[in-house]
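Chemist: Below: one structure in structure tokens.
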Amino acid sequence: MIKNFVRFSALSLALVSLFSAPVAQAAPAAEVTTLADAVGLVQVTEEDRTGYTRSKFKHWNSGADKSDGCNTRNEILLAEAVVAPTVEAGCKLTGGTWISYYDGQEVTSAGALDIDHMVPLAESWDSGASGWTAARREAYANDQRADVSLVAVTARSNRQKSDQDPADWMPPSPDAQCRYVAEWVSTKLRWQLTADDRELEALKVYADGPCEDTIVRYTPAA
């Protein structure tokens, strides 16, 4: 009788633990759609840069892997290298090869590369980030959970782009343009950022024309 009582008590405790344990939240499902449909999902509103400063987006932070000694910039460089660089003390990178897809250039020095925010920080501020918390802006500025959010490109192409949207700047390499538009729209949808009228019209030109077969993939940011 005592043994049965003990077994019953143990079973009861196990059931209580099972049903009271926190349930892990499933990761948001990836969305896959055509470029035209994706462009149609971007909300349109006027942009406002009032109050913007780059310092409101903390970067580069300690990266996705807190134990590797590399910041976000160097983690992106390591991830995108077509020939891996040597990683020295302090995450100093030597050697290595990268392809800057904006202009098709091969680069063999990490110092010649910029890490571009697909949707520039200033543009994200205009498009909704002005209302975010500092923590969310930091997450955006260091986003490695989406492959398209940050990209290693030549410093020259990144600085030509500056904070312009596709109405005013596109990659000089024609082969890069459909990919670029898709990644721009993907980032806008991932972070629920808006577009202004000129930007949307520029995106539609590509979505309804040379990039009509392009697919957009995005996962909503947590």
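Lettering and numbering for the structure tokens are positional, with chains as A, B, ... in the shown order, residues counted from 1 in each chain, and ligands counted from 1 in the shown order.
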Do a neighbour search on segment 176-192 of chain A at 7 Å with only C-alpha atoms, toss out local chain neighbours closer than 2 positions, and write the hits as number ranges by chain.
Modeler: A: 35, 38-39, 42, 101-102, 118-119, 148-149, 170-171, 173-174, 194, 203, 211, 214, 216-221
Chemist: List the neighbours of Tyr52 of chain A out to 10 Å using only C-alpha atoms; skip same-chain residues closer than 2 positions along the sequence, and give me the result as a VMD selection string.
Modeler: chain A and resid 48 to 50 54 to 57 121 to 126 129 to 130
Chemist: Excluding segment 72-81 of chain A and residues on its chain fewer than 6 positions from it, collect all residues at most 9 Å away from it, counting only C-alpha atoms, and give them as a short mmCIF file (atom, residue, chain, number, x, y, z; two decimals) with all heavy atoms, in the first residue's frame.
Modeler:
data_model
loop_
_atom_site.label_atom_id
_atom_site.label_comp_id
_atom_site.auth_asym_id
_atom_site.auth_seq_id
_atom_site.Cartn_x
_atom_site.Cartn_y
_atom_site.Cartn_z
N HIS A 59 26.19 49.26 -33.05
CA HIS A 59 26.87 48.25 -33.85
C HIS A 59 28.34 48.64 -33.91
O HIS A 59 28.67 49.80 -33.70
CB HIS A 59 26.22 48.13 -35.23
CG HIS A 59 26.42 49.33 -36.09
ND1 HIS A 59 25.84 50.56 -35.85
CD2 HIS A 59 27.18 49.50 -37.20
CE1 HIS A 59 26.20 51.42 -36.78
NE2 HIS A 59 27.02 50.82 -37.60
N TRP A 60 29.24 47.76 -34.13
CA TRP A 60 29.02 46.32 -34.20
C TRP A 60 29.11 45.75 -32.80
O TRP A 60 30.02 46.11 -32.05
CB TRP A 60 30.02 45.67 -35.13
CG TRP A 60 30.03 46.25 -36.49
CD1 TRP A 60 31.02 46.99 -37.06
CD2 TRP A 60 28.99 46.14 -37.46
NE1 TRP A 60 30.68 47.36 -38.33
CE2 TRP A 60 29.44 46.84 -38.60
CE3 TRP A 60 27.75 45.53 -37.50
CZ2 TRP A 60 28.68 46.94 -39.77
CZ3 TRP A 60 27.00 45.63 -38.65
CH2 TRP A 60 27.45 46.33 -39.77
N ASN A 61 28.19 44.84 -32.45
CA ASN A 61 28.25 44.26 -31.12
C ASN A 61 29.06 42.97 -31.14
O ASN A 61 29.76 42.69 -32.12
CB ASN A 61 26.86 44.10 -30.51
CG ASN A 61 25.99 43.10 -31.24
OD1 ASN A 61 26.48 42.28 -32.02
ND2 ASN A 61 24.68 43.15 -31.01
N SER A 62 28.96 42.17 -30.09
CA SER A 62 29.81 40.98 -29.96
C SER A 62 29.38 39.83 -30.83
O SER A 62 29.95 38.74 -30.76
CB SER A 62 29.87 40.54 -28.50
OG SER A 62 28.57 40.29 -27.99
N GLY A 63 28.39 40.04 -31.67
CA GLY A 63 28.05 39.05 -32.68
C GLY A 63 27.12 37.95 -32.21
O GLY A 63 26.68 37.90 -31.07
N ALA A 64 26.84 37.03 -33.14
CA ALA A 64 25.92 35.94 -32.84
C ALA A 64 26.55 34.89 -31.93
O ALA A 64 25.87 34.24 -31.13
CB ALA A 64 25.45 35.28 -34.14
N ASP A 65 27.86 34.70 -32.06
CA ASP A 65 28.59 33.75 -31.22
C ASP A 65 29.40 34.55 -30.21
O ASP A 65 30.44 35.13 -30.54
CB ASP A 65 29.51 32.88 -32.09
CG ASP A 65 30.25 31.82 -31.28
OD1 ASP A 65 30.20 31.87 -30.04
OD2 ASP A 65 30.88 30.94 -31.91
N VAL A 87 42.31 33.49 -39.02
CA VAL A 87 41.82 34.24 -37.87
C VAL A 87 42.91 34.26 -36.81
O VAL A 87 43.27 33.22 -36.26
CB VAL A 87 40.52 33.63 -37.30
CG1 VAL A 87 39.99 34.49 -36.15
CG2 VAL A 87 39.46 33.49 -38.39
N CYS A 91 40.60 38.20 -33.19
CA CYS A 91 39.79 38.04 -34.41
C CYS A 91 40.30 38.93 -35.56
O CYS A 91 39.53 39.44 -36.36
CB CYS A 91 38.31 38.33 -34.14
SG CYS A 91 37.20 37.60 -35.41
N LYS A 92 41.60 39.10 -35.62
CA LYS A 92 42.19 39.80 -36.76
C LYS A 92 42.20 38.85 -37.96
O LYS A 92 42.66 37.71 -37.86
CB LYS A 92 43.61 40.25 -36.43
CG LYS A 92 44.30 40.97 -37.58
CD LYS A 92 45.72 41.37 -37.22
CE LYS A 92 46.40 42.05 -38.40
NZ LYS A 92 47.81 42.42 -38.10
N LEU A 93 41.68 39.33 -39.09
CA LEU A 93 41.56 38.49 -40.28
C LEU A 93 42.66 38.83 -41.28
O LEU A 93 42.85 40.00 -41.63
CB LEU A 93 40.19 38.69 -40.94
CG LEU A 93 38.96 38.51 -40.04
CD1 LEU A 93 37.69 38.69 -40.85
CD2 LEU A 93 38.98 37.16 -39.34
N GLY A 96 42.26 35.59 -47.30
CA GLY A 96 40.85 35.39 -47.61
C GLY A 96 40.45 36.06 -48.91
O GLY A 96 41.15 36.95 -49.42
N THR A 97 39.32 35.62 -49.46
CA THR A 97 38.78 36.18 -50.70
C THR A 97 37.28 36.32 -50.58
O THR A 97 36.60 35.44 -50.04
CB THR A 97 39.11 35.27 -51.91
OG1 THR A 97 40.53 35.09 -51.99
CG2 THR A 97 38.60 35.88 -53.22
N TRP A 98 36.76 37.44 -51.11
CA TRP A 98 35.32 37.71 -51.09
C TRP A 98 34.90 38.20 -52.47
O TRP A 98 35.71 38.75 -53.22
CB TRP A 98 34.97 38.80 -50.07
CG TRP A 98 35.23 38.43 -48.65
CD1 TRP A 98 34.30 37.96 -47.75
CD2 TRP A 98 36.46 38.48 -47.93
NE1 TRP A 98 34.89 37.72 -46.54
CE2 TRP A 98 36.21 38.02 -46.61
CE3 TRP A 98 37.76 38.85 -48.28
CZ2 TRP A 98 37.21 37.94 -45.65
CZ3 TRP A 98 38.76 38.77 -47.33
CH2 TRP A 98 38.49 38.32 -46.03
N ILE A 99 33.64 37.98 -52.80
CA ILE A 99 33.06 38.55 -54.01
C ILE A 99 31.99 39.56 -53.60
O ILE A 99 31.01 39.20 -52.93
CB ILE A 99 32.43 37.47 -54.91
CG1 ILE A 99 33.46 36.40 -55.29
CG2 ILE A 99 31.82 38.12 -56.15
CD1 ILE A 99 34.63 36.92 -56.10
N ALA A 110 40.23 42.07 -46.15
CA ALA A 110 39.03 42.36 -45.35
C ALA A 110 38.85 43.85 -45.14
O ALA A 110 37.73 44.36 -45.08
CB ALA A 110 39.12 41.64 -44.01
N LEU A 113 36.59 45.95 -47.49
CA LEU A 113 35.16 45.65 -47.52
C LEU A 113 34.41 46.44 -46.45
O LEU A 113 34.93 46.69 -45.37
CB LEU A 113 34.93 44.15 -47.27
CG LEU A 113 35.41 43.22 -48.38
CD1 LEU A 113 35.58 41.81 -47.83
CD2 LEU A 113 34.43 43.22 -49.55
N ASP A 114 33.20 46.82 -46.79
CA ASP A 114 32.25 47.34 -45.82
C ASP A 114 31.19 46.28 -45.58
O ASP A 114 30.90 45.47 -46.48
CB ASP A 114 31.55 48.60 -46.34
CG ASP A 114 32.39 49.86 -46.19
OD1 ASP A 114 33.49 49.77 -45.62
OD2 ASP A 114 31.94 50.92 -46.65
N ILE A 115 30.60 46.29 -44.40
CA ILE A 115 29.40 45.47 -44.16
C ILE A 115 28.21 46.41 -44.32
O ILE A 115 28.01 47.32 -43.53
CB ILE A 115 29.41 44.83 -42.76
CG1 ILE A 115 30.68 43.99 -42.58
CG2 ILE A 115 28.16 43.96 -42.58
CD1 ILE A 115 30.88 42.90 -43.60
N ASN A 142 22.59 44.52 -36.14
CA ASN A 142 23.51 43.37 -36.06
C ASN A 142 22.83 42.07 -36.49
O ASN A 142 23.24 40.99 -36.08
CB ASN A 142 24.03 43.23 -34.63
CG ASN A 142 24.83 44.43 -34.18
OD1 ASN A 142 26.02 44.53 -34.43
ND2 ASN A 142 24.17 45.39 -33.53
N ASP A 143 21.82 42.16 -37.32
CA ASP A 143 20.96 41.02 -37.64
C ASP A 143 21.69 39.96 -38.46
O ASP A 143 21.95 40.15 -39.65
CB ASP A 143 19.73 41.51 -38.40
CG ASP A 143 18.73 40.40 -38.67
OD1 ASP A 143 18.82 39.33 -38.03
OD2 ASP A 143 17.84 40.61 -39.53
N GLN A 144 22.01 38.84 -37.83
CA GLN A 144 22.59 37.70 -38.54
C GLN A 144 21.61 36.53 -38.66
O GLN A 144 21.97 35.47 -39.16
CB GLN A 144 23.86 37.23 -37.84
CG GLN A 144 25.00 38.24 -37.90
CD GLN A 144 26.30 37.65 -37.40
OE1 GLN A 144 26.84 36.70 -37.98
NE2 GLN A 144 26.82 38.20 -36.31
N LEU A 150 22.66 41.75 -43.79
CA LEU A 150 24.00 42.34 -43.81
C LEU A 150 24.80 41.67 -44.91
O LEU A 150 24.74 40.45 -45.08
CB LEU A 150 24.70 42.15 -42.46
CG LEU A 150 24.00 42.74 -41.23
CD1 LEU A 150 24.64 42.23 -39.96
CD2 LEU A 150 24.03 44.25 -41.28
N VAL A 151 25.56 42.47 -45.66
CA VAL A 151 26.29 41.89 -46.79
C VAL A 151 27.64 42.56 -46.93
O VAL A 151 27.78 43.78 -46.77
CB VAL A 151 25.47 42.02 -48.09
CG1 VAL A 151 25.13 43.47 -48.40
CG2 VAL A 151 26.18 41.37 -49.27
N ALA A 152 28.67 41.76 -47.19
CA ALA A 152 30.03 42.27 -47.38
C ALA A 152 30.20 42.71 -48.83
O ALA A 152 30.06 41.91 -49.76
CB ALA A 152 31.05 41.19 -47.03
#
Chemist: List every residue of segment 94-144 of chain A that DSSP, applied to the backbone, labels as alpha helix (DSSP H), and write the result as a list in words.
Modeler: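 Of segment 94-144 of chain A, the ones in alpha helix (DSSP H) are Leu121, Ala122, Glu123, Ser124, Trp125, Asp126, Ala134, Ala135, Arg136, Arg137, Glu138, Ala139, Tyr140 and Ala141 of chain A.
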Chemist: Just the strand (DSSP E) stuff from segment 105-216 of chain A, please, per backbone DSSP, written as number ranges by chain.
Modeler: A: 105-107, 113-117, 150-154, 215-216
Chemist: From the list A:Asp213, A:Thr34, A:Asp68, A:Ala167, which residue is nearest Glu201 of chain A when using only C-alpha atoms?
Modeler: A:Ala167
Chemist: In Å, how far is it from atom CA of Pro120 of chain A to atom CA of Ala222 of chain A?
Modeler: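 Computed distance, atom CA of Pro120 of chain A to atom CA of Ala222 of chain A, equals 19.7 Å.
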Chemist: Restricting the calculation to only C-alpha atoms: of A:Arg198, A:Lys58, A:His117, A:Lys204, which residue gets closest to Asp147 of chain A?
Modeler: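 Closest to Asp147 of chain A, using only C-alpha atoms: A:His117.
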Chemist: For the atom pair atom CA of Ser109 of chain A and atom CA of Arg156 of chain A, what is the interatomic distance in Å to one decimal place?
Modeler: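 Spanning atom CA of Ser109 of chain A to atom CA of Arg156 of chain A is a straight-line distance of 13.8 Å.
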Chemist: What is the distance between atom CA of Ala89 of chain A and atom CA of Gly69 of chain A, in Å to one decimal?
Modeler: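 Answer for the atom CA of Ala89 of chain A to atom CA of Gly69 of chain A separation: 8.7 Å.
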